[in-house]
Amino acid sequence: NAGVMQNPRHLVRRRGQEARLRCSPMKGHSHVYWYRQLPEEGLKFMVYLQKENIIDESGMPKERFSAEFPKEGPSILRIQQVVRGDSAAYFCASSRGRGHQETQYFGPGTRLLVL
Amino acid sequence: GDSVTQMEGPVTLSEEAFLTINCTYTATGYPSLFWYVQYPGEGLQLLLKATKADDKGSNKGFEATYRKETTSFHLEKGSVQVSDSAVYFCAPRGYSTLTFGKGTMLLVSP
């Protein structure tokens with residue numbers, strides 16, 4: 001009964017490169033959420049997706065960041081032309097359904113370091 | 001928007017001491033309330049939750065009661081262990097997302 005899986009666990013990129021972060025939700029879960037954790041900070045919501053649809057992207061930076069959750073395969077968070085300020089831990093969570101009572105289960109995170 | 005205020009850490013306790021971590025929140029509507037725990041280098045693990053007023057969530061000796069009138073969800077444990085050392089996050093959940101504060105680090109010494 002695998003939990004939420006994320007890969008890679010660690011990612012190093014130079015400024016200007018692209019970063020692709022992957023998230024496979026728990027079995028039976030069709031709702032995916034991405035959060036970012038800066039050093040010494042709590043998690044900040046970025047985007048909420050359901051299969052093939054973006055439901056809420058109010059936390060996504062307007063430029064360079066995009067997310068998708070295709071019909072088949074994992075959810076992808078893509079960061080283009082990375083800058084040092086993008087260095088953070090990126091966590092994915094999934095839930096079975098929608099609504100405030102649904103529990104979100106978190107993956108182990110991808111730690112992105114931009115040199 | 002929604003917000004969370006947690007007590008500043010680190011909270012330093014001796015093993016078997018009583019723990020309280022305060023949490024108050026502001027939220028639109030009627031959120032569910034969650035406590036998550038994060039061990040070093042890991043993701044967040046669900047500790048407990050409550051979905052309506054006066055509900056008590058509990059797990060592994062930890063408890064928290066949903067107090068709607070004071071918009072609080074304080075975490076308590078009667079006797080902490082060294083293995084409880086971690087960062088604890090209180091988070092209300094609205095329709096879409098969880099809102100996190102900065103978390104409270106707990107350090108338990110033998």
# chains A, B, ... in the order shown; residues from 1 in each chain; ligands from 1
call {"tool": "interface_residues", "arguments": {"of": "chain A", "to": "chain B", "cutoff": "12 Å", "atoms": "only C-alpha atoms", "output": "ChimeraX atom specification"}}
result
/A:3-6,9-10,31-50,54-59,89-95,97-111
call {"tool": "select_by_dssp", "arguments": {"residues": "range 18-99 of chain A", "states": "strand (DSSP E)", "output": "count of residues only"}}
result
42
call {"tool": "atom_distance", "arguments": {"atom1": "CA of Ile21 in chain B", "atom2": "CA of Tyr39 in chain B"}}
result
16.5 Å
call {"tool": "residues_around", "arguments": {"residues": "Val12 in chain A", "least_positions_apart": "5", "cutoff": "6 Å", "atoms": "only C-alpha atoms", "output": "list in words"}}
result
Leu112, Leu113 and Val114 of chain A
call {"tool": "residues_around", "arguments": {"residues": "range 70-73 of chain A", "least_positions_apart": "4", "cutoff": "10 Å", "atoms": "only C-alpha atoms", "output": "list in words"}}
result
Arg22, Cys23, Ser24, Pro25, Ser30, Leu49, Gln50, Lys51, Glu52 and Asn53 of chain A
call {"tool": "closest_residue", "arguments": {"among": "B:Leu75, B:Pro110, B:Tyr25, B:Met105", "to": "Pro10 in chain B", "atoms": "only C-alpha atoms"}}
result
B:Met105
call {"tool": "atom_distance", "arguments": {"atom1": "CA of Thr5 in chain B", "atom2": "CA of Lys62 in chain A"}}
result
27.4 Å
call {"tool": "closest_residue", "arguments": {"among": "A:Arg14, A:Arg20, A:Arg78, A:Lys27", "to": "Ser66 in chain A", "atoms": "only C-alpha atoms"}}
result
A:Arg78
call {"tool": "closest_residue", "arguments": {"among": "B:Val37, B:Val80, B:Leu106, B:Ala53", "to": "Glu16 in chain B", "atoms": "only C-alpha atoms"}}
result
B:Val80
call {"tool": "closest_residue", "arguments": {"among": "B:Phe18, B:Arg67, B:Glu8, B:Phe73", "to": "Trp35 in chain B", "atoms": "only C-alpha atoms"}}
result
B:Phe73
call {"tool": "atom_distance", "arguments": {"atom1": "CA of Gln6 in chain B", "atom2": "CA of Lys77 in chain B"}}
result
16.3 Å
